[in-house]
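Trainee: After the structure tokens below, expect a handful of questions from me.
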Amino acid sequence: QVQLVESGGGLVQAGGSLRLSCAASGTIFPIYVMRWYRQAPGKQRELVAGISSGGTTNYADSVKGRFTTSRDNAKTVYLQMNSLKPEDTAVYYCNLQQATGSHWGQGTQVTVSS
């Protein structure tokens with residue numbers, strides 16, 4: 001059973017930074033993709049960033065140059081968010097895609113005040 005736990009969210013002023021963490025437990029296969037999504041009130045969930053088991057990263061245009069995703073091992077992934085904007089306010093979720101299917105964390109709230 002795979003479980004994902006996000007942490008690091010909070011309230012920050014515009015221009016500030018936060019680092020989110022996603023800790024995975026259970027069996028993580030050698031080939032996987034870990035993605036960060038976010039969902040703002042009244043909006044659809046959107047892809048923010050992703051990192052593969054091989055280290056390839058990708059980002060939504062809206063966060064390129066400001067957000068960076070990284071991992072320090074197979075079970076912990078980070079999302080460094082700099083130059084935050086009020087429009088980045090959302091619940092952020094991590095998602096693990098591997099052979100066992102798609103697994104989601106419970107989300108962490110990020111609020112950026114203007």
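A note on labels: chains of the structure tokens are A, B, ... as shown, every chain counts residues from 1, and ligands are counted from 1 in their shown order.
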Within 12 Å of Thr27 of chain A, counting only C-alpha atoms, which residues show up once you throw out same-chain ones fewer than 5 positions away? Write them as a ChimeraX atom specification, please.

Mentor: /A:1-4,32,74-75,96,98-101,103

Trainee: Pick out the residues sitting within 10 Å of Asn58 of chain A, and hand them over as a VMD selection string; count only C-alpha atoms, and ignore anything fewer than 5 positions along from it in its own chain.

Mentor: chain A and resid 35 47 to 52 64 68 to 69

Trainee: Next, dump the selected residues to file, keeping only all heavy atoms, as a tab-separated table (two decimals), in the first residue's frame.

Mentor:
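Output (selection.tsv):
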chain	number	residue	atom	x	y	z
A	35	ARG	N	4.37	13.65	-9.53
A	35	ARG	CA	3.88	14.94	-10.02
A	35	ARG	C	3.26	15.77	-8.89
A	35	ARG	O	2.73	15.22	-7.92
A	35	ARG	CB	2.85	14.75	-11.14
A	35	ARG	CG	3.39	14.05	-12.38
A	35	ARG	CD	2.32	13.96	-13.44
A	35	ARG	NE	2.84	13.39	-14.69
A	35	ARG	CZ	2.75	12.10	-15.00
A	35	ARG	NH1	2.17	11.25	-14.18
A	35	ARG	NH2	3.25	11.67	-16.15
A	47	LEU	N	-1.88	20.40	-13.37
A	47	LEU	CA	-0.52	19.90	-13.19
A	47	LEU	C	0.44	21.08	-13.01
A	47	LEU	O	0.39	22.04	-13.78
A	47	LEU	CB	-0.11	19.08	-14.40
A	47	LEU	CG	1.32	18.53	-14.42
A	47	LEU	CD1	1.55	17.55	-13.28
A	47	LEU	CD2	1.61	17.85	-15.76
A	48	VAL	N	1.29	20.97	-12.02
A	48	VAL	CA	2.26	22.03	-11.75
A	48	VAL	C	3.66	21.62	-12.19
A	48	VAL	O	4.36	22.37	-12.87
A	48	VAL	CB	2.28	22.37	-10.24
A	48	VAL	CG1	3.36	23.39	-9.91
A	48	VAL	CG2	0.91	22.87	-9.79
A	49	ALA	N	4.08	20.43	-11.77
A	49	ALA	CA	5.44	19.97	-12.08
A	49	ALA	C	5.50	18.47	-11.93
A	49	ALA	O	4.66	17.86	-11.27
A	49	ALA	CB	6.45	20.64	-11.13
A	50	GLY	N	6.54	17.89	-12.53
A	50	GLY	CA	6.72	16.45	-12.42
A	50	GLY	C	8.19	16.09	-12.48
A	50	GLY	O	9.02	16.84	-13.03
A	51	ILE	N	8.51	14.96	-11.88
A	51	ILE	CA	9.87	14.44	-11.94
A	51	ILE	C	9.80	12.94	-12.07
A	51	ILE	O	9.04	12.27	-11.37
A	51	ILE	CB	10.70	14.87	-10.71
A	51	ILE	CG1	12.15	14.41	-10.85
A	51	ILE	CG2	10.07	14.39	-9.42
A	51	ILE	CD1	13.10	15.08	-9.85
A	52	SER	N	10.58	12.41	-13.02
A	52	SER	CA	10.57	10.97	-13.25
A	52	SER	C	11.64	10.29	-12.41
A	52	SER	O	12.52	10.95	-11.84
A	52	SER	CB	10.81	10.68	-14.73
A	52	SER	OG	12.17	10.95	-15.06
A	64	LYS	N	7.17	28.03	-14.51
A	64	LYS	CA	8.55	27.89	-15.00
A	64	LYS	C	9.40	29.07	-14.54
A	64	LYS	O	8.98	30.22	-14.62
A	64	LYS	CB	8.56	27.81	-16.52
A	64	LYS	CG	8.25	26.44	-17.08
A	64	LYS	CD	8.29	26.43	-18.60
A	64	LYS	CE	7.93	25.06	-19.14
A	64	LYS	NZ	7.87	25.06	-20.63
A	68	THR	N	10.74	24.67	-8.57
A	68	THR	CA	11.68	23.60	-8.89
A	68	THR	C	11.30	22.35	-8.11
A	68	THR	O	11.11	22.41	-6.90
A	68	THR	CB	13.12	23.99	-8.52
A	68	THR	OG1	13.47	25.21	-9.19
A	68	THR	CG2	14.10	22.89	-8.93
A	69	THR	N	11.19	21.23	-8.83
A	69	THR	CA	10.94	19.98	-8.16
A	69	THR	C	12.20	19.15	-8.14
A	69	THR	O	12.99	19.19	-9.09
A	69	THR	CB	9.77	19.21	-8.82
A	69	THR	OG1	9.44	18.08	-8.01
A	69	THR	CG2	10.10	18.77	-10.23

Trainee: Restricting the calculation to only C-alpha atoms, which member of A:Pro30, A:Gly15, A:Gly8, A:Gly54 is positioned closest to Val112 of chain A?

Mentor: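 Nearest to Val112 of chain A: A:Gly15.
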
Trainee: Apply DSSP to the structure's backbone, then extract all residues of segment 27-104 of chain A labelled strand (DSSP E or B) and return them as a PyMOL selection string.

Mentor: chain A and resi 33-39+46-52+57-59+67-73+76-81+90-98+101-104

Trainee: Using only C-alpha atoms, which of A:Ala24, A:Thr111, A:Ala60, A:Val33 sits nearest Lys85 of chain A?

Mentor: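 Of A:Ala24, A:Thr111, A:Ala60, A:Val33, the one nearest Lys85 of chain A, counting only C-alpha atoms, is A:Thr111.
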
Trainee: Write out as a ChimeraX atom specification which residues come within 7 Å of Ser114 of chain A when counting only C-alpha atoms, dropping same-chain ones fewer than 2 positions away.

Mentor: /A:13-14,86,112
